[in-house]
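One file, data.tsv, carrying TSV, C-alpha atoms:
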chain	number	residue	atom	x	y	z
A	1217	MET	CA	14.98	-3.08	-25.06
A	1218	SER	CA	11.99	-1.79	-23.07
A	1219	LYS	CA	12.36	1.56	-21.33
A	1220	HIS	CA	11.79	-0.27	-18.06
A	1221	ILE	CA	14.35	-3.04	-18.71
A	1222	LEU	CA	18.05	-2.21	-18.79
A	1223	PRO	CA	20.50	-4.04	-21.08
A	1224	HIS	CA	22.28	-5.78	-18.19
A	1225	ALA	CA	19.10	-7.50	-16.93
A	1226	LEU	CA	19.33	-11.30	-16.94
A	1227	SER	CA	17.76	-13.07	-19.88
A	1228	ILE	CA	15.21	-15.13	-17.93
A	1229	PRO	CA	11.52	-15.83	-18.70
A	1230	ALA	CA	10.22	-13.42	-16.04
A	1231	ILE	CA	12.32	-10.52	-17.35
A	1232	LYS	CA	11.39	-11.30	-20.95
A	1233	LYS	CA	7.71	-11.13	-19.97
A	1234	LEU	CA	8.28	-7.62	-18.64
A	1235	GLN	CA	9.56	-6.37	-22.00
A	1236	GLY	CA	7.29	-3.65	-23.33
A	1237	LYS	CA	5.15	-3.62	-20.19
A	1238	ARG	CA	4.45	-0.62	-17.97
A	1239	ILE	CA	6.03	-1.31	-14.59
A	1240	VAL	CA	5.11	0.96	-11.69
A	1241	LEU	CA	6.74	1.18	-8.28
A	1242	ALA	CA	4.27	2.48	-5.68
A	1243	SER	CA	7.05	3.95	-3.56
A	1244	ASN	CA	9.47	6.85	-3.75
A	1245	SER	CA	12.12	5.00	-1.74
A	1246	PRO	CA	15.57	5.55	-3.28
A	1247	ARG	CA	16.70	2.24	-1.76
A	1248	ARG	CA	13.98	0.28	-3.56
A	1249	LYS	CA	14.66	2.05	-6.84
A	1250	GLU	CA	18.37	1.26	-6.50
A	1251	ILE	CA	17.75	-2.43	-5.81
A	1252	LEU	CA	15.44	-2.77	-8.82
A	1253	ARG	CA	17.94	-0.92	-11.02
A	1254	THR	CA	20.67	-3.30	-9.88
A	1255	PHE	CA	18.64	-6.16	-11.36
A	1256	GLY	CA	17.86	-4.24	-14.52
A	1257	ILE	CA	14.42	-2.77	-13.84
A	1258	VAL	CA	13.63	0.95	-13.96
A	1259	PRO	CA	9.94	1.41	-13.10
A	1260	ASP	CA	7.76	4.47	-13.28
A	1261	VAL	CA	7.62	5.84	-9.74
A	1262	VAL	CA	4.12	6.64	-8.48
A	1263	PRO	CA	4.06	6.81	-4.67
A	1264	SER	CA	0.94	5.39	-3.09
A	1265	LYS	CA	-1.38	7.73	-1.20
A	1266	PHE	CA	-2.66	4.91	1.00
A	1267	GLU	CA	-2.06	5.68	4.66
A	1268	GLU	CA	-0.15	2.80	6.26
A	1269	ASP	CA	-2.34	2.87	9.34
A	1270	LEU	CA	-4.07	-0.51	9.38
A	1271	PRO	CA	-4.56	-1.57	13.02
A	1272	VAL	CA	-1.98	-4.25	13.74
A	1273	SER	CA	-4.27	-5.74	16.39
A	1274	SER	CA	-6.82	-6.65	13.70
A	1275	PHE	CA	-4.50	-9.29	12.22
A	1276	GLU	CA	-4.37	-12.77	13.71
A	1277	GLU	CA	-0.82	-13.26	12.42
A	1278	ILE	CA	1.55	-10.28	12.47
A	1279	HIS	CA	3.03	-11.14	9.06
A	1280	GLU	CA	-0.40	-10.49	7.51
A	1281	TYR	CA	-0.04	-6.78	8.37
A	1282	PRO	CA	2.61	-5.84	5.78
A	1283	VAL	CA	1.02	-8.12	3.15
A	1284	ALA	CA	-2.34	-6.36	3.55
A	1285	THR	CA	-0.69	-2.94	3.52
A	1286	ALA	CA	1.15	-3.73	0.28
A	1287	SER	CA	-2.05	-4.95	-1.37
A	1288	HIS	CA	-3.91	-1.76	-0.42
A	1289	LYS	CA	-1.04	0.37	-1.76
A	1290	ALA	CA	-0.96	-1.51	-5.08
A	1291	VAL	CA	-4.72	-1.27	-5.58
A	1292	GLU	CA	-4.76	2.45	-4.74
A	1293	VAL	CA	-2.05	3.26	-7.29
A	1294	TYR	CA	-3.52	0.99	-9.99
A	1295	GLU	CA	-7.05	2.42	-9.67
A	1296	ARG	CA	-5.73	6.00	-9.63
A	1297	LEU	CA	-3.62	5.51	-12.76
A	1298	VAL	CA	-6.45	3.79	-14.63
A	1299	ALA	CA	-8.81	6.63	-13.71
A	1300	GLU	CA	-6.27	9.23	-14.91
A	1301	ASP	CA	-5.46	7.48	-18.20
A	1302	PRO	CA	-7.36	4.28	-19.06
A	1303	ASP	CA	-5.23	3.79	-22.19
A	1304	ASN	CA	-2.00	3.71	-20.22
A	1305	ALA	CA	-2.86	1.39	-17.36
A	1306	PRO	CA	0.11	-0.27	-15.59
A	1307	ASP	CA	0.75	-3.94	-16.27
A	1308	ILE	CA	2.45	-4.43	-12.91
A	1309	VAL	CA	2.30	-2.38	-9.74
A	1310	ILE	CA	5.06	-3.23	-7.26
A	1311	ALA	CA	3.94	-2.15	-3.81
A	1312	VAL	CA	6.05	-2.45	-0.69
A	1313	PRO	CA	5.00	-1.16	2.74
A	1314	ASP	CA	7.48	0.33	5.14
A	1315	THR	CA	9.73	-2.49	6.34
A	1316	VAL	CA	8.39	-4.10	9.50
A	1317	VAL	CA	10.82	-5.16	12.21
A	1318	LEU	CA	9.74	-7.62	14.89
A	1319	THR	CA	11.72	-8.27	18.04
A	1320	HIS	CA	11.39	-12.07	18.02
A	1321	ALA	CA	11.43	-14.78	15.38
A	1322	GLN	CA	8.27	-16.27	13.91
A	1323	PRO	CA	7.79	-19.29	11.63
A	1324	ALA	CA	9.47	-18.74	8.30
A	1325	THR	CA	7.61	-18.69	5.00
A	1326	SER	CA	10.87	-18.56	3.05
A	1327	ASP	CA	13.60	-21.19	3.22
A	1328	LEU	CA	14.81	-20.11	6.65
A	1329	GLY	CA	14.50	-22.76	9.33
A	1330	TYR	CA	14.28	-20.68	12.48
A	1331	SER	CA	11.82	-21.69	15.18
A	1332	VAL	CA	8.99	-20.08	17.08
A	1333	LEU	CA	9.68	-18.46	20.44
A	1334	PRO	CA	6.18	-18.92	21.93
A	1335	GLU	CA	6.77	-17.45	25.38
A	1336	THR	CA	8.51	-14.28	24.26
A	1337	LYS	CA	6.43	-11.16	23.67
A	1338	GLN	CA	6.90	-9.53	20.28
A	1339	GLU	CA	7.22	-5.82	19.71
A	1340	LEU	CA	6.65	-4.34	16.27
A	1341	LEU	CA	9.32	-1.72	15.61
A	1342	GLU	CA	8.54	0.85	12.95
A	1343	LYS	CA	10.21	4.25	12.56
A	1344	PRO	CA	11.45	5.79	15.82
A	1345	MET	CA	9.79	9.02	16.95
A	1346	SER	CA	12.97	10.61	18.26
A	1347	GLU	CA	16.63	10.02	19.10
A	1348	VAL	CA	15.57	8.78	22.55
A	1349	ASP	CA	13.08	6.34	20.99
A	1350	ASN	CA	15.75	5.24	18.51
A	1351	LEU	CA	18.17	4.51	21.35
A	1352	ARG	CA	15.49	2.51	23.18
A	1353	MET	CA	14.87	0.37	20.08
A	1354	LEU	CA	18.57	-0.23	19.51
A	1355	MET	CA	19.20	-1.23	23.11
A	1356	ASP	CA	16.31	-3.70	22.86
A	1357	LEU	CA	17.85	-5.16	19.71
A	1358	ASN	CA	21.41	-5.11	21.03
A	1359	GLY	CA	22.92	-8.48	21.93
A	1360	ASN	CA	22.78	-12.00	20.60
A	1361	ALA	CA	19.04	-12.43	20.05
A	1362	MET	CA	17.70	-12.73	16.51
A	1363	TYR	CA	15.05	-10.56	14.91
A	1364	PRO	CA	13.09	-11.00	11.68
A	1365	VAL	CA	12.57	-8.20	9.19
A	1366	LEU	CA	9.49	-8.54	6.99
A	1367	THR	CA	8.76	-6.82	3.71
A	1368	SER	CA	5.94	-7.70	1.34
A	1369	PRO	CA	5.84	-6.91	-2.37
A	1370	GLY	CA	2.58	-7.40	-4.24
A	1371	TYR	CA	1.86	-8.08	-7.92
A	1372	GLN	CA	-1.70	-6.84	-8.37
A	1373	THR	CA	-3.51	-9.25	-6.02
A	1374	LYS	CA	-0.54	-11.61	-5.77
A	1375	SER	CA	1.36	-11.18	-2.51
A	1376	ILE	CA	4.29	-12.77	-0.72
A	1377	ASP	CA	6.14	-12.13	2.48
A	1378	GLU	CA	9.86	-12.54	3.02
A	1379	ARG	CA	11.65	-12.68	6.36
A	1380	THR	CA	15.27	-12.08	7.17
A	1381	LEU	CA	16.86	-12.69	10.56
A	1382	VAL	CA	19.16	-9.94	11.73
A	1383	TYR	CA	21.61	-10.77	14.50
A	1384	PHE	CA	22.79	-7.76	16.48
A	1385	ALA	CA	26.24	-7.81	18.03
A	1386	ASP	CA	26.56	-7.24	21.76
A	1387	ASN	CA	27.62	-3.65	21.18
A	1388	PRO	CA	29.01	-1.40	23.94
A	1389	ARG	CA	26.47	1.22	24.95
A	1390	HIS	CA	28.66	4.10	23.73
A	1391	ILE	CA	28.56	2.73	20.18
A	1392	VAL	CA	24.77	2.39	20.27
A	1393	GLU	CA	24.42	5.91	21.68
A	1394	ALA	CA	26.76	7.30	19.00
A	1395	TYR	CA	24.68	5.65	16.29
A	1396	ALA	CA	21.43	7.01	17.72
A	1397	LYS	CA	22.98	10.50	17.78
A	1398	SER	CA	23.99	10.18	14.11
A	1399	GLY	CA	20.32	10.44	13.16
A	1400	GLU	CA	20.60	7.81	10.43
A	1401	GLY	CA	18.04	5.50	12.04
A	1402	ILE	CA	15.28	8.07	12.54
A	1403	ASP	CA	13.47	7.34	9.28
A	1404	ARG	CA	14.21	3.59	9.27
A	1405	ALA	CA	12.04	0.78	10.58
A	1406	GLY	CA	13.67	-0.62	13.70
A	1407	GLY	CA	15.85	2.47	13.95
A	1408	PHE	CA	18.82	1.24	11.90
A	1409	ALA	CA	20.11	1.11	8.31
A	1410	ILE	CA	22.08	-2.06	7.71
A	1411	GLN	CA	23.57	-0.67	4.46
A	1412	GLY	CA	24.88	2.43	6.25
A	1413	LEU	CA	26.46	3.23	9.59
A	1414	GLY	CA	24.02	0.81	11.19
A	1415	GLY	CA	25.96	-2.07	9.66
A	1416	MET	CA	28.46	-1.58	12.48
A	1417	LEU	CA	25.83	-2.89	14.93
A	1418	ILE	CA	25.09	-6.11	13.01
A	1419	ARG	CA	26.91	-9.39	13.61
A	1420	LYS	CA	25.31	-11.36	10.75
A	1421	ILE	CA	22.04	-11.96	8.91
A	1422	ASP	CA	20.21	-15.09	7.81
A	1423	GLY	CA	18.26	-14.45	4.63
A	1424	ASP	CA	17.99	-11.82	1.91
A	1425	PHE	CA	20.15	-8.74	2.57
A	1426	ASN	CA	18.11	-6.69	0.09
A	1427	ASN	CA	15.00	-7.49	2.12
A	1428	VAL	CA	16.50	-5.72	5.12
A	1429	VAL	CA	17.42	-2.74	2.95
A	1430	GLY	CA	13.89	-2.47	1.61
A	1431	PHE	CA	13.00	-4.84	-1.24
A	1432	PRO	CA	13.13	-8.68	-1.29
A	1433	ALA	CA	14.40	-9.03	-4.83
A	1434	ALA	CA	15.04	-12.79	-4.78
A	1435	SER	CA	11.48	-13.62	-3.70
A	1436	PHE	CA	10.01	-11.09	-6.12
A	1437	PHE	CA	11.71	-12.64	-9.15
A	1438	LYS	CA	10.91	-16.12	-7.90
A	1439	LEU	CA	7.23	-15.12	-7.75
A	1440	LEU	CA	7.36	-13.79	-11.30
A	1441	ASP	CA	8.99	-17.03	-12.50
A	1442	LEU	CA	6.27	-19.08	-10.81
A	1443	LEU	CA	3.55	-16.97	-12.43
A	1444	VAL	CA	5.14	-17.43	-15.84
A	1445	GLU	CA	5.50	-21.18	-15.27
A	1446	GLU	CA	1.90	-21.58	-14.09
A	1447	ASP	CA	0.39	-19.41	-16.83
A	1448	PRO	CA	2.19	-19.13	-20.20
A	1449	ASP	CA	-0.15	-16.22	-21.05
A	1450	PHE	CA	0.92	-14.24	-17.98
A	1451	LEU	CA	1.29	-10.58	-19.04
A	1452	ALA	CA	0.38	-11.48	-22.62
A	1453	LEU	CA	-1.19	-8.69	-24.64
Can the structure from this file be put into structure tokens for me?
Amino acid sequence: MSKHILPHALSIPAIKKLQGKRIVLASNSPRRKEILRTFGIVPDVVPSKFEEDLPVSSFEEIHEYPVATASHKAVEVYERLVAEDPDNAPDIVIAVPDTVVLTHAQPATSDLGYSVLPETKQELLEKPMSEVDNLRMLMDLNGNAMYPVLTSPGYQTKSIDERTLVYFADNPRHIVEAYAKSGEGIDRAGGFAIQGLGGMLIRKIDGDFNNVVGFPAASFFKLLDLLVEEDPDFLAL
């Protein structure tokens, strides 16, 4: 068994192709490492040094922003590792930007069938600057409206985007204020952690739960399967 593949990993073509390969995660996120470990993958962790500061206004479609960021992160890590040790270049660099939360639904690229809300202004919610900013975000999200969460993994120059709708309950203000005071949401996109105390604020989701946490595992493995199917020599030595 490869050092990157754990014994409990499913015996599927994509996983078999990863045997003996150097897998690198361009992120130090413990949540992403935990998700990958759950599915049997333990990558080398090499955080990207790419600043996630691409101007959002430069993208015609907002979903292109996290895809471009992930691609830049993957390339930066790959080129750095090759320069440091050409004989130990990574076979796969998994790059994921900070999760992007948008305040209104957009057309799905996954199997979700939610519709466009053309007359509603979107706001991109990244990490809150303070407890006050966190509370503002949560009050905007509070209620029955639905909000997509986008995360984009990249395999070298191959990229996908996955969207999950998160439905917030109509929470009493004192619960939202208590959550903001807990501090859990300060370093989270959108100001909440669905896998933690923030789960109390959520009524339901439509899509991949792991995507909201930080890594869209289902879409990632589907992409690998497609690459294997399209090219039998994918990742061949």
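Atom CA of A:Gly1407 is positioned 12.1 Å from atom CA of A:Val1428.
Separating atom CA of A:Ser1245 from atom CA of A:Asp1260 is a distance of 12.3 Å.
Going from atom CA of A:Leu1443 to atom CA of A:Ile1221 covers 18.7 Å.
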Minimum-distance residue to A:Ala1405, chosen among A:Pro1388, A:Gly1423, A:Pro1344, A:Pro1306 (using only C-alpha atoms): A:Pro1344
Near A:His1220, within 10 Å and counting all atoms listed in the file, which residues show up once chain neighbours fewer than 4 positions away are dropped, as a ChimeraX atom specification? /A:1234-1240,1253,1256-1260
Taking (19.8, -8.2, -12.7) in the file's coordinates, which residues come within 12 Å, counting all atoms listed in the file, written as a PDB file with C-alpha atoms, keeping the file's coordinate frame?
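Final output, result_23.pdb:
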ATOM      1  CA  ILE A1221      14.350  -3.040 -18.710  1.00  0.00           C
ATOM      2  CA  LEU A1222      18.050  -2.210 -18.790  1.00  0.00           C
ATOM      3  CA  PRO A1223      20.500  -4.040 -21.080  1.00  0.00           C
ATOM      4  CA  HIS A1224      22.280  -5.780 -18.190  1.00  0.00           C
ATOM      5  CA  ALA A1225      19.100  -7.500 -16.930  1.00  0.00           C
ATOM      6  CA  LEU A1226      19.330 -11.300 -16.940  1.00  0.00           C
ATOM      7  CA  SER A1227      17.760 -13.070 -19.880  1.00  0.00           C
ATOM      8  CA  ILE A1228      15.210 -15.130 -17.930  1.00  0.00           C
ATOM      9  CA  ALA A1230      10.220 -13.420 -16.040  1.00  0.00           C
ATOM     10  CA  ILE A1231      12.320 -10.520 -17.350  1.00  0.00           C
ATOM     11  CA  GLU A1250      18.370   1.260  -6.500  1.00  0.00           C
ATOM     12  CA  ILE A1251      17.750  -2.430  -5.810  1.00  0.00           C
ATOM     13  CA  LEU A1252      15.440  -2.770  -8.820  1.00  0.00           C
ATOM     14  CA  ARG A1253      17.940  -0.920 -11.020  1.00  0.00           C
ATOM     15  CA  THR A1254      20.670  -3.300  -9.880  1.00  0.00           C
ATOM     16  CA  PHE A1255      18.640  -6.160 -11.360  1.00  0.00           C
ATOM     17  CA  GLY A1256      17.860  -4.240 -14.520  1.00  0.00           C
ATOM     18  CA  ILE A1257      14.420  -2.770 -13.840  1.00  0.00           C
ATOM     19  CA  VAL A1258      13.630   0.950 -13.960  1.00  0.00           C
ATOM     20  CA  ALA A1433      14.400  -9.030  -4.830  1.00  0.00           C
ATOM     21  CA  ALA A1434      15.040 -12.790  -4.780  1.00  0.00           C
ATOM     22  CA  PHE A1437      11.710 -12.640  -9.150  1.00  0.00           C
TER      23      PHE A1437
END
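The nearest approach to A:Arg1248 among the residues A:Val1272, A:Val1317, A:Met1355, A:Ala1311, with all atoms listed in the file taken into account, belongs to A:Ala1311.
Considering the residues A:Ser1375, A:Ser1346, A:Asn1427, A:Asn1358 and counting all atoms listed in the file, A:Glu1400 has its shortest atom-to-atom contact with A:Ser1346.
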Find the residue from A:Phe1266, A:Tyr1395, A:Phe1436, A:Tyr1294 that sits nearest to A:Met1416; use only C-alpha atoms when measuring. A:Tyr1395
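Among the candidates A:Asp1356, A:Asp1307, A:Asp1403, A:Asp1422, the one nearest to A:Leu1451 when counting all atoms listed in the file is A:Asp1307.
Residue nearest A:Phe1408 within the list A:Pro1229, A:Gly1430, A:Pro1282, A:Pro1448: A:Gly1430 [criterion: smallest interatomic distance, all atoms listed in the file].
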Excluding A:Val1348 and its own-chain neighbours fewer than 3 positions away, which residues fall within 8 Å of it when counting only C-alpha atoms? Please give them as JSON, numbers by chain. {"A": [1351, 1352, 1396]}
